[in-house]
Every structure is written in C-alpha cells, then in structure tokens.
$ cat data32.cif   # mmCIF, C-alpha atoms
data_model
loop_
_atom_site.group_PDB
_atom_site.id
_atom_site.type_symbol
_atom_site.label_atom_id
_atom_site.label_comp_id
_atom_site.auth_asym_id
_atom_site.auth_seq_id
_atom_site.Cartn_x
_atom_site.Cartn_y
_atom_site.Cartn_z
ATOM 1 C CA MET A 25 -23.177 -5.640 -91.726
ATOM 2 C CA ARG A 26 -19.854 -3.799 -91.748
ATOM 3 C CA LEU A 27 -19.989 -3.139 -87.999
ATOM 4 C CA ARG A 28 -20.106 -6.409 -86.068
ATOM 5 C CA VAL A 29 -21.999 -4.775 -83.207
ATOM 6 C CA LEU A 30 -24.938 -4.286 -85.583
ATOM 7 C CA ASP A 31 -25.126 -8.036 -86.160
ATOM 8 C CA SER A 32 -24.405 -9.277 -82.669
ATOM 9 C CA GLY A 33 -24.501 -6.461 -80.140
ATOM 10 C CA TYR A 34 -28.053 -6.934 -78.870
ATOM 11 C CA GLY A 35 -29.306 -7.837 -75.399
ATOM 12 C CA ALA A 36 -31.025 -11.108 -74.566
ATOM 13 C CA GLY A 37 -34.535 -9.647 -74.875
ATOM 14 C CA THR A 38 -33.900 -8.211 -78.326
ATOM 15 C CA ARG A 39 -32.264 -11.436 -79.512
ATOM 16 C CA ALA A 40 -35.300 -13.361 -78.322
ATOM 17 C CA LEU A 41 -37.548 -10.953 -80.221
ATOM 18 C CA PHE A 42 -35.495 -11.440 -83.385
ATOM 19 C CA ARG A 43 -35.833 -15.236 -83.006
ATOM 20 C CA LEU A 44 -39.594 -14.930 -82.578
ATOM 21 C CA ILE A 45 -39.916 -12.739 -85.682
ATOM 22 C CA ARG A 46 -37.901 -15.250 -87.673
ATOM 23 C CA LEU A 47 -40.006 -18.117 -86.353
ATOM 24 C CA PHE A 48 -43.345 -16.518 -87.220
ATOM 25 C CA SER A 49 -42.407 -14.755 -90.478
ATOM 26 C CA GLY A 50 -40.051 -17.388 -91.849
ATOM 27 C CA HIS A 51 -37.507 -14.649 -92.574
ATOM 28 C CA PRO A 52 -34.681 -13.072 -90.571
ATOM 29 C CA VAL A 53 -35.212 -9.536 -89.264
ATOM 30 C CA PRO A 54 -34.071 -7.163 -92.043
ATOM 31 C CA ASP A 55 -30.987 -5.097 -91.252
ATOM 32 C CA ALA A 56 -33.023 -1.880 -91.594
ATOM 33 C CA ALA A 57 -35.153 -2.990 -88.662
ATOM 34 C CA LYS A 58 -32.231 -4.400 -86.686
ATOM 35 C CA ILE A 59 -30.309 -1.152 -86.490
ATOM 36 C CA THR A 60 -33.280 0.660 -84.973
ATOM 37 C CA PHE A 61 -32.936 -1.712 -82.009
ATOM 38 C CA TYR A 62 -29.208 -1.091 -81.564
ATOM 39 C CA ARG A 63 -28.808 1.495 -78.792
ATOM 40 C CA SER A 64 -32.278 2.667 -79.743
ATOM 41 C CA ASP A 65 -32.102 5.664 -77.411
ATOM 42 C CA PHE A 66 -29.396 7.134 -79.670
ATOM 43 C CA TYR A 67 -31.099 6.897 -83.050
ATOM 44 C CA GLY A 68 -33.693 4.185 -83.553
ATOM 45 C CA ALA A 69 -36.454 5.412 -81.281
ATOM 46 C CA HIS A 70 -36.632 8.911 -82.780
ATOM 47 C CA MET A 71 -36.092 7.717 -86.351
ATOM 48 C CA LYS A 72 -38.837 5.092 -86.129
ATOM 49 C CA GLU A 73 -41.247 7.732 -84.824
ATOM 50 C CA LEU A 74 -40.341 10.175 -87.594
ATOM 51 C CA THR A 75 -40.490 7.572 -90.361
ATOM 52 C CA HIS A 76 -43.833 6.243 -89.156
ATOM 53 C CA GLU A 77 -45.285 9.743 -89.027
ATOM 54 C CA ALA A 78 -43.976 10.567 -92.519
ATOM 55 C CA MET A 79 -45.116 7.266 -94.064
ATOM 56 C CA ARG A 80 -48.298 6.471 -92.176
ATOM 57 C CA GLY A 81 -49.358 9.725 -90.512
ATOM 58 C CA ARG A 82 -52.145 11.966 -91.733
ATOM 59 C CA SER A 83 -51.451 13.187 -95.293
ATOM 60 C CA ASP A 84 -53.240 13.833 -98.550
ATOM 61 C CA TRP A 85 -50.758 11.426 -100.151
ATOM 62 C CA SER A 86 -51.785 7.782 -100.102
ATOM 63 C CA VAL A 87 -49.586 5.164 -98.449
ATOM 64 C CA GLY A 88 -48.751 3.861 -101.941
ATOM 65 C CA ASP A 89 -47.675 7.341 -103.078
ATOM 66 C CA ARG A 90 -45.386 7.743 -100.079
ATOM 67 C CA GLU A 91 -43.890 4.280 -100.525
ATOM 68 C CA LEU A 92 -43.260 5.132 -104.184
ATOM 69 C CA MET A 93 -41.503 8.349 -103.095
ATOM 70 C CA ALA A 94 -39.334 6.250 -100.748
ATOM 71 C CA ALA A 95 -38.477 3.855 -103.582
ATOM 72 C CA TYR A 96 -37.756 6.709 -105.988
ATOM 73 C CA VAL A 97 -35.469 8.591 -103.592
ATOM 74 C CA SER A 98 -33.715 5.277 -102.857
ATOM 75 C CA LYS A 99 -33.196 4.678 -106.558
ATOM 76 C CA VAL A 100 -31.538 8.100 -106.919
ATOM 77 C CA ASN A 101 -29.348 7.263 -103.892
ATOM 78 C CA GLU A 102 -28.485 3.877 -105.437
ATOM 79 C CA SER A 103 -29.572 1.949 -102.364
ATOM 80 C CA PRO A 104 -30.542 -1.564 -103.520
ATOM 81 C CA PHE A 105 -31.928 -2.625 -100.146
ATOM 82 C CA CYS A 106 -34.288 0.349 -99.894
ATOM 83 C CA VAL A 107 -35.325 0.202 -103.559
ATOM 84 C CA GLY A 108 -36.282 -3.443 -103.104
ATOM 85 C CA ALA A 109 -38.090 -2.903 -99.829
ATOM 86 C CA HIS A 110 -40.138 0.122 -100.862
ATOM 87 C CA SER A 111 -40.826 -0.973 -104.443
ATOM 88 C CA ALA A 112 -42.388 -4.097 -102.973
ATOM 89 C CA THR A 113 -44.366 -2.087 -100.418
ATOM 90 C CA ALA A 114 -45.566 0.479 -102.972
ATOM 91 C CA ALA A 115 -46.595 -2.291 -105.394
ATOM 92 C CA ARG A 116 -48.583 -4.032 -102.665
ATOM 93 C CA ALA A 117 -50.170 -0.769 -101.469
ATOM 94 C CA TYR A 118 -51.221 0.218 -104.989
ATOM 95 C CA ARG A 119 -51.981 -3.401 -105.970
ATOM 96 C CA ASP A 120 -50.148 -2.427 -109.131
ATOM 97 C CA GLY A 121 -46.545 -3.509 -109.482
ATOM 98 C CA LYS A 122 -46.324 -2.349 -113.097
ATOM 99 C CA LYS A 123 -47.053 1.236 -112.072
ATOM 100 C CA VAL A 124 -44.140 1.175 -109.625
ATOM 101 C CA GLU A 125 -41.804 -0.454 -112.141
ATOM 102 C CA ALA A 126 -42.770 2.144 -114.745
ATOM 103 C CA ALA A 127 -42.232 5.077 -112.373
ATOM 104 C CA LEU A 128 -38.751 3.895 -111.466
ATOM 105 C CA ALA A 129 -37.813 3.101 -115.069
ATOM 106 C CA ASP A 130 -39.176 6.185 -116.826
ATOM 107 C CA LEU A 131 -40.749 8.879 -114.677
ATOM 108 C CA ASP A 132 -41.926 10.996 -117.618
ATOM 109 C CA GLY A 133 -43.623 8.100 -119.394
ATOM 110 C CA ALA A 134 -45.122 6.337 -116.385
ATOM 111 C CA PRO A 135 -48.917 6.332 -115.817
ATOM 112 C CA LEU A 136 -48.889 8.699 -112.835
ATOM 113 C CA ASP A 137 -50.998 11.619 -111.704
ATOM 114 C CA GLN A 138 -49.279 14.854 -112.798
ATOM 115 C CA GLY A 139 -48.948 16.085 -109.226
ATOM 116 C CA LEU A 140 -47.203 12.919 -108.087
ATOM 117 C CA ARG A 141 -44.947 12.960 -111.148
ATOM 118 C CA ALA A 142 -43.953 16.598 -110.495
ATOM 119 C CA THR A 143 -43.309 15.812 -106.823
ATOM 120 C CA LEU A 144 -41.121 12.811 -107.634
ATOM 121 C CA ARG A 145 -39.172 14.917 -110.128
ATOM 122 C CA MET A 146 -38.525 17.575 -107.476
ATOM 123 C CA LEU A 147 -37.520 14.956 -104.854
ATOM 124 C CA GLY A 148 -35.180 13.364 -107.390
ATOM 125 C CA LYS A 149 -33.467 16.685 -108.063
ATOM 126 C CA LEU A 150 -33.169 17.487 -104.350
ATOM 127 C CA THR A 151 -31.682 14.053 -103.675
ATOM 128 C CA ALA A 152 -29.266 14.104 -106.598
ATOM 129 C CA GLU A 153 -28.121 17.714 -106.350
ATOM 130 C CA GLY A 154 -28.654 18.488 -102.663
ATOM 131 C CA SER A 155 -30.797 21.530 -103.327
ATOM 132 C CA VAL A 156 -33.804 22.833 -105.221
ATOM 133 C CA GLY A 157 -35.000 26.339 -105.954
ATOM 134 C CA ALA A 158 -38.262 28.230 -105.783
ATOM 135 C CA ASP A 159 -38.898 27.506 -109.478
ATOM 136 C CA ASP A 160 -38.761 23.767 -108.778
ATOM 137 C CA MET A 161 -41.369 24.207 -106.072
ATOM 138 C CA ARG A 162 -43.541 26.426 -108.252
ATOM 139 C CA ALA A 163 -43.576 23.651 -110.850
ATOM 140 C CA VAL A 164 -44.945 21.240 -108.231
ATOM 141 C CA LEU A 165 -47.499 23.727 -106.913
ATOM 142 C CA SER A 166 -48.698 24.463 -110.439
ATOM 143 C CA ALA A 167 -49.275 20.721 -110.977
ATOM 144 C CA GLY A 168 -51.973 20.947 -108.306
ATOM 145 C CA VAL A 169 -49.969 19.791 -105.292
ATOM 146 C CA SER A 170 -50.641 21.679 -102.056
ATOM 147 C CA ARG A 171 -47.986 23.228 -99.842
ATOM 148 C CA GLU A 172 -48.848 20.701 -97.134
ATOM 149 C CA GLN A 173 -48.369 17.808 -99.543
ATOM 150 C CA ILE A 174 -44.939 19.146 -100.516
ATOM 151 C CA GLU A 175 -43.986 19.409 -96.842
ATOM 152 C CA ASP A 176 -45.132 15.815 -96.345
ATOM 153 C CA ALA A 177 -43.096 14.675 -99.352
ATOM 154 C CA LEU A 178 -39.993 16.463 -98.042
ATOM 155 C CA ALA A 179 -40.332 14.580 -94.748
ATOM 156 C CA VAL A 180 -40.483 11.271 -96.658
ATOM 157 C CA CYS A 181 -37.410 12.393 -98.586
ATOM 158 C CA PHE A 182 -35.556 13.195 -95.347
ATOM 159 C CA ALA A 183 -36.361 9.784 -93.885
ATOM 160 C CA PHE A 184 -35.075 7.899 -96.917
ATOM 161 C CA ASN A 185 -32.107 10.125 -97.617
ATOM 162 C CA THR A 186 -31.023 9.075 -94.137
ATOM 163 C CA THR A 187 -31.947 5.393 -94.318
ATOM 164 C CA ASP A 188 -30.438 4.958 -97.798
ATOM 165 C CA ARG A 189 -27.105 6.317 -96.565
ATOM 166 C CA LEU A 190 -27.101 3.998 -93.575
ATOM 167 C CA ALA A 191 -28.125 1.021 -95.730
ATOM 168 C CA ASN A 192 -25.229 1.646 -98.108
ATOM 169 C CA ALA A 193 -22.642 2.555 -95.479
ATOM 170 C CA PHE A 194 -23.403 -0.237 -93.016
ATOM 171 C CA GLY A 195 -23.992 -2.750 -95.824
ATOM 172 C CA PHE A 196 -27.564 -3.899 -95.302
ATOM 173 C CA GLU A 197 -28.064 -7.362 -96.773
ATOM 174 C CA VAL A 198 -30.300 -7.280 -99.849
ATOM 175 C CA LEU A 199 -33.214 -9.668 -99.299
ATOM 176 C CA THR A 200 -34.691 -12.263 -101.598
ATOM 177 C CA HIS A 201 -37.910 -11.487 -103.457
ATOM 178 C CA GLU A 202 -39.785 -13.446 -100.796
ATOM 179 C CA GLY A 203 -38.012 -11.529 -98.057
ATOM 180 C CA PHE A 204 -38.978 -8.165 -99.533
ATOM 181 C CA GLU A 205 -42.574 -9.359 -99.962
ATOM 182 C CA ALA A 206 -42.721 -10.439 -96.328
ATOM 183 C CA GLY A 207 -41.307 -7.066 -95.293
ATOM 184 C CA ALA A 208 -43.864 -5.228 -97.432
ATOM 185 C CA LYS A 209 -46.727 -7.105 -95.782
ATOM 186 C CA TYR A 210 -45.369 -6.206 -92.370
ATOM 187 C CA LEU A 211 -44.870 -2.510 -93.237
ATOM 188 C CA LEU A 212 -48.418 -2.203 -94.562
ATOM 189 C CA LYS A 213 -49.887 -3.914 -91.529
ATOM 190 C CA ARG A 214 -47.755 -2.409 -88.763
ATOM 191 C CA GLY A 215 -45.945 0.601 -90.204
ATOM 192 C CA TYR A 216 -42.529 1.722 -89.007
ATOM 193 C CA ARG A 217 -42.881 1.813 -85.225
ATOM 194 C CA MET F 18 -54.170 14.162 -84.516
ATOM 195 C CA ARG F 19 -50.609 14.598 -85.727
ATOM 196 C CA THR F 20 -49.691 17.705 -87.727
ATOM 197 C CA GLU F 21 -46.794 18.639 -89.955
ATOM 198 C CA ASP F 22 -45.243 20.438 -87.024
ATOM 199 C CA ASP F 23 -44.931 17.052 -85.334
ATOM 200 C CA LYS F 24 -42.595 15.774 -88.035
ATOM 201 C CA ARG F 25 -40.359 18.807 -87.711
ATOM 202 C CA LEU F 26 -40.455 18.504 -83.932
ATOM 203 C CA ILE F 27 -39.428 14.845 -84.063
ATOM 204 C CA HIS F 28 -36.701 15.748 -86.555
ATOM 205 C CA ARG F 29 -35.381 18.428 -84.196
ATOM 206 C CA ARG F 30 -35.376 15.973 -81.277
ATOM 207 C CA LEU F 31 -33.496 13.427 -83.394
ATOM 208 C CA VAL F 32 -30.811 15.965 -84.322
ATOM 209 C CA GLU F 33 -30.471 17.227 -80.752
ATOM 210 C CA ARG F 34 -30.114 13.663 -79.479
ATOM 211 C CA ILE F 35 -27.476 12.412 -81.898
ATOM 212 C CA VAL F 36 -25.378 15.570 -81.906
ATOM 213 C CA GLY F 37 -25.712 16.901 -78.385
ATOM 214 C CA GLY F 38 -26.853 13.963 -76.255
ATOM 215 C CA PRO F 39 -24.699 11.382 -74.518
ATOM 216 C CA GLY F 40 -22.545 9.262 -76.770
ATOM 217 C CA GLN F 41 -19.300 7.357 -77.049
ATOM 218 C CA ALA F 42 -17.833 9.674 -79.682
ATOM 219 C CA PRO F 43 -17.084 13.174 -78.371
ATOM 220 C CA ALA F 44 -19.933 15.617 -78.976
ATOM 221 C CA ASP F 45 -17.707 18.013 -80.927
ATOM 222 C CA GLU F 46 -16.689 15.186 -83.273
ATOM 223 C CA ARG F 47 -20.335 14.203 -83.754
ATOM 224 C CA ARG F 48 -21.118 17.818 -84.609
ATOM 225 C CA ARG F 49 -18.297 17.968 -87.157
ATOM 226 C CA ALA F 50 -19.585 14.735 -88.714
ATOM 227 C CA PHE F 51 -23.088 16.211 -88.867
ATOM 228 C CA GLU F 52 -21.905 19.529 -90.344
ATOM 229 C CA ARG F 53 -19.221 18.083 -92.648
ATOM 230 C CA GLY F 54 -16.664 20.051 -90.690
ATOM 231 C CA GLU F 55 -12.958 19.372 -90.230
ATOM 232 C CA LEU F 56 -12.340 15.651 -89.782
ATOM 233 C CA SER F 57 -9.281 13.470 -89.225
ATOM 234 C CA GLU F 58 -7.707 11.677 -92.193
ATOM 235 C CA SER F 59 -8.948 8.384 -90.776
ATOM 236 C CA LEU F 60 -12.578 9.522 -90.760
ATOM 237 C CA ARG F 61 -12.901 11.902 -93.678
ATOM 238 C CA PRO F 62 -13.040 9.365 -96.536
ATOM 239 C CA LEU F 63 -15.772 7.360 -94.793
ATOM 240 C CA LEU F 64 -17.919 10.269 -93.677
ATOM 241 C CA ASP F 65 -17.533 12.210 -96.934
ATOM 242 C CA LYS F 66 -18.811 9.154 -98.793
ATOM 243 C CA VAL F 67 -21.720 8.732 -96.376
ATOM 244 C CA ALA F 68 -22.761 12.295 -97.166
ATOM 245 C CA THR F 69 -22.162 12.390 -100.907
ATOM 246 C CA SER F 70 -21.833 8.895 -102.402
ATOM 247 C CA SER F 71 -22.853 6.310 -99.826
ATOM 248 C CA GLY F 72 -22.945 3.504 -102.379
ATOM 249 C CA GLN F 73 -19.163 3.786 -102.664
ATOM 250 C CA VAL F 74 -18.451 3.097 -98.976
ATOM 251 C CA THR F 75 -16.224 0.022 -98.636
ATOM 252 C CA ASP F 76 -14.825 -2.176 -95.887
ATOM 253 C CA VAL F 77 -11.531 -0.310 -96.327
ATOM 254 C CA ASP F 78 -13.145 2.944 -95.186
ATOM 255 C CA PHE F 79 -14.264 1.313 -91.933
ATOM 256 C CA ASP F 80 -10.960 -0.550 -91.509
ATOM 257 C CA ARG F 81 -9.042 2.735 -91.790
ATOM 258 C CA ALA F 82 -11.100 4.320 -89.015
ATOM 259 C CA ILE F 83 -10.927 1.229 -86.788
ATOM 260 C CA GLY F 84 -7.171 1.065 -87.378
ATOM 261 C CA ALA F 85 -6.861 4.634 -86.116
ATOM 262 C CA GLY F 86 -8.408 3.600 -82.803
ATOM 263 C CA LEU F 87 -12.085 4.380 -83.246
ATOM 264 C CA THR F 88 -14.494 1.851 -81.771
ATOM 265 C CA GLU F 89 -17.446 0.346 -83.616
ATOM 266 C CA ASP F 90 -19.831 2.218 -81.326
ATOM 267 C CA GLN F 91 -18.139 5.510 -82.113
ATOM 268 C CA LEU F 92 -18.369 4.765 -85.844
ATOM 269 C CA PHE F 93 -22.032 3.822 -85.464
ATOM 270 C CA GLU F 94 -22.686 7.273 -84.005
ATOM 271 C CA LEU F 95 -20.513 9.208 -86.462
ATOM 272 C CA VAL F 96 -21.962 7.533 -89.561
ATOM 273 C CA ILE F 97 -25.470 8.302 -88.298
ATOM 274 C CA CYS F 98 -24.489 11.936 -87.670
ATOM 275 C CA ALA F 99 -23.057 12.256 -91.198
ATOM 276 C CA ALA F 100 -26.165 10.692 -92.769
ATOM 277 C CA VAL F 101 -28.671 12.722 -90.765
ATOM 278 C CA GLY F 102 -26.599 15.885 -91.299
ATOM 279 C CA GLU F 103 -26.669 15.641 -95.081
ATOM 280 C CA SER F 104 -30.353 14.673 -95.123
ATOM 281 C CA THR F 105 -31.140 17.585 -92.826
ATOM 282 C CA ARG F 106 -29.432 20.069 -95.129
ATOM 283 C CA GLN F 107 -31.504 18.755 -98.018
ATOM 284 C CA TYR F 108 -34.708 18.857 -95.942
ATOM 285 C CA GLN F 109 -34.044 22.453 -94.948
ATOM 286 C CA ALA F 110 -33.147 23.422 -98.532
ATOM 287 C CA GLY F 111 -36.453 21.991 -99.719
ATOM 288 C CA LEU F 112 -38.477 23.751 -97.049
ATOM 289 C CA ALA F 113 -36.694 27.057 -97.743
ATOM 290 C CA ALA F 114 -37.414 26.773 -101.479
ATOM 291 C CA LEU F 115 -41.045 26.023 -100.688
ATOM 292 C CA ASP F 116 -41.275 29.076 -98.443
ATOM 293 C CA GLN F 117 -39.815 31.196 -101.203
ATOM 294 C CA ALA F 118 -42.170 29.784 -103.821
ATOM 295 C CA SER F 119 -45.249 30.249 -101.693
ATOM 296 C CA GLY F 120 -44.218 33.715 -100.524
ATOM 297 C CA ASP F 121 -44.270 32.631 -96.903
ATOM 298 C CA ALA F 122 -40.939 33.993 -95.769
ATOM 299 C CA GLY F 123 -41.908 33.664 -92.120
ATOM 300 C CA ALA F 124 -42.342 29.899 -92.196
ATOM 301 C CA THR F 125 -39.485 27.686 -91.088
#
$ encode --input "data32.cif" --output "structure tokens"
Amino acid sequence: MRLRVLDSGYGAGTRALFRLIRLFSGHPVPDAAKITFYRSDFYGAHMKELTHEAMRGRSDWSVGDRELMAAYVSKVNESPFCVGAHSATAARAYRDGKKVEAALADLDGAPLDQGLRATLRMLGKLTAEGSVGADDMRAVLSAGVSREQIEDALAVCFAFNTTDRLANAFGFEVLTHEGFEAGAKYLLKRGYR
Amino acid sequence: MRTEDDKRLIHRRLVERIVGGPGQAPADERRRAFERGELSESLRPLLDKVATSSGQVTDVDFDRAIGAGLTEDQLFELVICAAVGESTRQYQAGLAALDQASGDAGAT
C-alpha cells in the first residue's frame, strides 16, 4: 500500500493473526481487512460495525442485493479491488454470477427486479454526481421500494463510497480470482466484523 | 434487534471519532479535510482527489505531502477524514431527498 505503516505497522498480536489467516485460508489478508486493524480505535472499529450492520443487519434487502449494491457503487467509483471483492460475494450469495455480471455491464437490460434496478440507478447517480433529488427518490418509491429499504441502501452506499476511496487512495492490491473467491466465502460466513 | 437508527448512530460516532477525537494530525486540519475546507498546497491535490476522483491518486500525491513534513500516520487520518467527509455529504444528500420525496420533513 502507499503508506508503509499500513503494510508493516502492526503489533505482534495482529501480525500473528495475519499469519494464522494466511495459513488457514491459503491467502494473505486482503488490504481492505488489514487497514481496519491499523489503529482500529481511530477508524476500523466503528467502520467495521457500520459496514456489518449495513451489509448483514436486518433489512428487506437480501445479502446478495446488498453485495450487488456494493459492487455497483464500486464500479461507479472505479475501484477495482472493491468491484472484484463484492462482485464475487454477490455472485456467491445469489448463486448466480451471470446476474451480477449483467447488472454491472448493462443495468437497464439486466434480469433484475424493478425495485432493485431503480435503487441501483439512484445509488449510481448519487455516487457519480454527489447528490440526488426528490424526483429520483420518487422514482424508486414508485418501483415498489419502501422508505426503509432506501435508507438501508443509502447506508450501503455510504460504506462503499468510503471504502472505495480508501482502496483507491491507499492502493489496495487487487487479488487473484481465487483470492476474491476466498474473501467472498469469508464475508458470507463471518460478515464484516 | 438493530434498527435503522443504529446505522446512523454508528455513523455519527465514526464521524465524531475521526474528526474530534485524539489523533496525530491536528483536529482543525482533520475537520478541514472532512469538510473540504482550506488546505495547504501539499495536501490539497491528494485530498481533493480522495473526495472527487480517488482512482487518480498517485504516489506523487503522497510524496508531496510527506515531503512537506507530514507523517504517514497523519496522512492515514487525513485521507480517512476526506473519504468519510465526502461519503457523509452524499449520505446526507440522499436522506434529505428521501425526506422530501416522502413528505417527512421532520426526519433526519
């Protein structure tokens, strides 16, 4: 990563944990996970709690839907690490990789529920332009999405607007296909805590 | 059972911690990074990119800030403040638009 402290500035206990994870998973700890351990009282502890709640907490969106939102927002932010990680996780959650590929390639033509499509469109506009208006929200509500679901989607969007920026700025290493698959298995089993 | 209010509460705690809690970068500098306020020439290119075009951040942006005397720990904090600041503005813009659309002006 671009800051050396994010590669090597960890205490003995954390380094031992990283070695154990590598031993058991066969893959190094992804940079996205590593930075949550660096001075975790500053950022990582709160951000892990928020991301876990947004991605795995109670919601009328499925885990696959929320992972697809994360991948979609990351695509708009041009964050290759996060697109890879959350495309893999969404595909595994849905058990349908083609659906995820289609949504990221052509939102209007992809085989998605209208409510999810309208929500992704609104999140894409918010991420690209920095703002949305009441008409954008009315379009989502009229597609059958509840106010609570929109609030949940905005929390997902917040989490990945933040993580995408850190991934790009700090230079998270993009994993191999196998690395992203291993990460997806972990995120579906354990979440973001 | 967690509720939506929990996510906003955690978000508020995150912002309070990174901007106002203890840190190695001065709190007023962390706040300016969060708010996209006035920044030094050594920091502005990096933090502007974090907020608006993070995929264009380069080693040169970090080298410029390090060359001006900032430590890696200070940059860690300031980049996080810039990222969370921009994401927060978008989050709040979305929630405000939703309030307007649903006629719930009292919600925040």
$ closest_atom_pairs --input "data32.cif" --of "chain F" --to "chain A" --cutoff "6 Å" --atoms "all atoms listed in the file" --output "Markdown table"
| residue | atom | partner | partner_atom | distance |
| --- | --- | --- | --- | --- |
| F:Ile27 | CA | A:Leu74 | CA | 5.9 |
| F:Leu31 | CA | A:His70 | CA | 5.5 |
| F:Val67 | CA | A:Arg189 | CA | 5.9 |
| F:Ser71 | CA | A:Arg189 | CA | 5.4 |
| F:Gly72 | CA | A:Asn192 | CA | 5.2 |
| F:Val74 | CA | A:Ala193 | CA | 5.5 |
| F:Ala100 | CA | A:Thr186 | CA | 5.3 |
| F:Val101 | CA | A:Thr186 | CA | 5.5 |
| F:Ser104 | CA | A:Phe182 | CA | 5.4 |
| F:Gln107 | CA | A:Gly154 | CA | 5.5 |
| F:Tyr108 | CA | A:Phe182 | CA | 5.8 |
| F:Ala110 | CA | A:Ser155 | CA | 5.7 |
| F:Ala114 | CA | A:Ala158 | CA | 4.6 |
| F:Leu115 | CA | A:Met161 | CA | 5.7 |
| F:Gln117 | CA | A:Ala158 | CA | 5.7 |
| F:Ala118 | CA | A:Ala158 | CA | 4.6 |
$ closest_residue --input "data32.cif" --among "A:Leu41, A:Val100, A:Cys106, A:Leu47" --to "A:Glu197" --atoms "all atoms listed in the file"
A:Cys106
$ resolve_selection --input "data32.cif" --expression "the PyMOL selection byres ((chain F and resi 40) around 12)" --output "ChimeraX atom specification"
/A:63,65-67 /F:33-39,41-48,90-95,97-98
$ resolve_selection --input "data32.cif" --expression "the PyMOL selection byres ((chain A and resi 114) around 8)" --output "mmCIF file with C-alpha atoms, in the frame of the given file"
data_model
loop_
_atom_site.group_PDB
_atom_site.id
_atom_site.type_symbol
_atom_site.label_atom_id
_atom_site.label_comp_id
_atom_site.auth_asym_id
_atom_site.auth_seq_id
_atom_site.Cartn_x
_atom_site.Cartn_y
_atom_site.Cartn_z
ATOM 1 C CA VAL A 87 -49.586 5.164 -98.449
ATOM 2 C CA GLY A 88 -48.751 3.861 -101.941
ATOM 3 C CA ASP A 89 -47.675 7.341 -103.078
ATOM 4 C CA ARG A 90 -45.386 7.743 -100.079
ATOM 5 C CA GLU A 91 -43.890 4.280 -100.525
ATOM 6 C CA LEU A 92 -43.260 5.132 -104.184
ATOM 7 C CA ALA A 95 -38.477 3.855 -103.582
ATOM 8 C CA HIS A 110 -40.138 0.122 -100.862
ATOM 9 C CA SER A 111 -40.826 -0.973 -104.443
ATOM 10 C CA ALA A 112 -42.388 -4.097 -102.973
ATOM 11 C CA THR A 113 -44.366 -2.087 -100.418
ATOM 12 C CA ALA A 115 -46.595 -2.291 -105.394
ATOM 13 C CA ARG A 116 -48.583 -4.032 -102.665
ATOM 14 C CA ALA A 117 -50.170 -0.769 -101.469
ATOM 15 C CA TYR A 118 -51.221 0.218 -104.989
ATOM 16 C CA GLY A 121 -46.545 -3.509 -109.482
ATOM 17 C CA VAL A 124 -44.140 1.175 -109.625
#
$ residues_around --input "data32.cif" --residues "A:Pro52" --least-positions-apart "6" --cutoff "10 Å" --atoms "only C-alpha atoms" --output "ChimeraX atom specification"
/A:42-46,58,199,203
$ closest_residue --input "data32.cif" --among "F:Thr105, F:Ser70, F:Val96, F:Pro62" --to "F:Arg29" --atoms "only C-alpha atoms"
F:Thr105
$ closest_residue --input "data32.cif" --among "A:Met79, A:Pro135, A:Trp85, A:Ala56" --to "A:Arg214" --atoms "only C-alpha atoms"
A:Met79
$ atom_distance --input "data32.cif" --atom1 "atom CA of A:Thr200" --atom2 "atom CA of A:Ala127"
21.8 Å
$ atom_distance --input "data32.cif" --atom1 "atom CA of A:His201" --atom2 "atom CA of A:Ala40"
25.3 Å
$ atom_distance --input "data32.cif" --atom1 "atom CA of A:Asp130" --atom2 "atom CA of A:Phe204"
22.5 Å
$ resolve_selection --input "data32.cif" --expression "the PyMOL selection byres ((chain F and resi 77) around 12)" --output "PyMOL selection string"
(chain A and resi 26+193) or (chain F and resi 59-60+62-63+73-76+78-84)
$ closest_residue --input "data32.cif" --among "A:Arg39, A:Ser86, A:Asp31, A:Ala109" --to "A:Ala208" --atoms "only C-alpha atoms"
A:Ala109
$ build_atoms --input "data32.cif" --residues "stretch 87-99 of chain F" --atoms "N, CA and C atoms" --output "PDB file, keeping the file's coordinate frame"
ATOM      1  N   LEU F  87     -10.655   4.144 -83.519  1.00  0.00           N
ATOM      2  CA  LEU F  87     -12.085   4.380 -83.246  1.00  0.00           C
ATOM      3  C   LEU F  87     -12.783   3.050 -82.971  1.00  0.00           C
ATOM      4  N   THR F  88     -13.747   3.073 -82.071  1.00  0.00           N
ATOM      5  CA  THR F  88     -14.494   1.851 -81.771  1.00  0.00           C
ATOM      6  C   THR F  88     -15.693   1.734 -82.716  1.00  0.00           C
ATOM      7  N   GLU F  89     -16.264   0.544 -82.773  1.00  0.00           N
ATOM      8  CA  GLU F  89     -17.446   0.346 -83.616  1.00  0.00           C
ATOM      9  C   GLU F  89     -18.609   1.222 -83.136  1.00  0.00           C
ATOM     10  N   ASP F  90     -18.739   1.371 -81.825  1.00  0.00           N
ATOM     11  CA  ASP F  90     -19.831   2.218 -81.326  1.00  0.00           C
ATOM     12  C   ASP F  90     -19.629   3.680 -81.709  1.00  0.00           C
ATOM     13  N   GLN F  91     -18.390   4.130 -81.681  1.00  0.00           N
ATOM     14  CA  GLN F  91     -18.139   5.510 -82.113  1.00  0.00           C
ATOM     15  C   GLN F  91     -18.455   5.667 -83.603  1.00  0.00           C
ATOM     16  N   LEU F  92     -18.076   4.676 -84.398  1.00  0.00           N
ATOM     17  CA  LEU F  92     -18.369   4.765 -85.844  1.00  0.00           C
ATOM     18  C   LEU F  92     -19.871   4.691 -86.112  1.00  0.00           C
ATOM     19  N   PHE F  93     -20.566   3.872 -85.347  1.00  0.00           N
ATOM     20  CA  PHE F  93     -22.032   3.822 -85.464  1.00  0.00           C
ATOM     21  C   PHE F  93     -22.602   5.235 -85.292  1.00  0.00           C
ATOM     22  N   GLU F  94     -22.164   5.926 -84.271  1.00  0.00           N
ATOM     23  CA  GLU F  94     -22.686   7.273 -84.005  1.00  0.00           C
ATOM     24  C   GLU F  94     -22.274   8.264 -85.096  1.00  0.00           C
ATOM     25  N   LEU F  95     -21.011   8.201 -85.505  1.00  0.00           N
ATOM     26  CA  LEU F  95     -20.513   9.208 -86.462  1.00  0.00           C
ATOM     27  C   LEU F  95     -21.114   9.027 -87.847  1.00  0.00           C
ATOM     28  N   VAL F  96     -21.307   7.771 -88.260  1.00  0.00           N
ATOM     29  CA  VAL F  96     -21.962   7.533 -89.561  1.00  0.00           C
ATOM     30  C   VAL F  96     -23.401   8.040 -89.516  1.00  0.00           C
ATOM     31  N   ILE F  97     -24.093   7.797 -88.424  1.00  0.00           N
ATOM     32  CA  ILE F  97     -25.470   8.302 -88.298  1.00  0.00           C
ATOM     33  C   ILE F  97     -25.465   9.829 -88.348  1.00  0.00           C
ATOM     34  N   CYS F  98     -24.532  10.465 -87.650  1.00  0.00           N
ATOM     35  CA  CYS F  98     -24.489  11.936 -87.670  1.00  0.00           C
ATOM     36  C   CYS F  98     -24.237  12.455 -89.090  1.00  0.00           C
ATOM     37  N   ALA F  99     -23.340  11.806 -89.819  1.00  0.00           N
ATOM     38  CA  ALA F  99     -23.057  12.256 -91.198  1.00  0.00           C
ATOM     39  C   ALA F  99     -24.280  12.077 -92.090  1.00  0.00           C
TER      40      ALA F  99
END
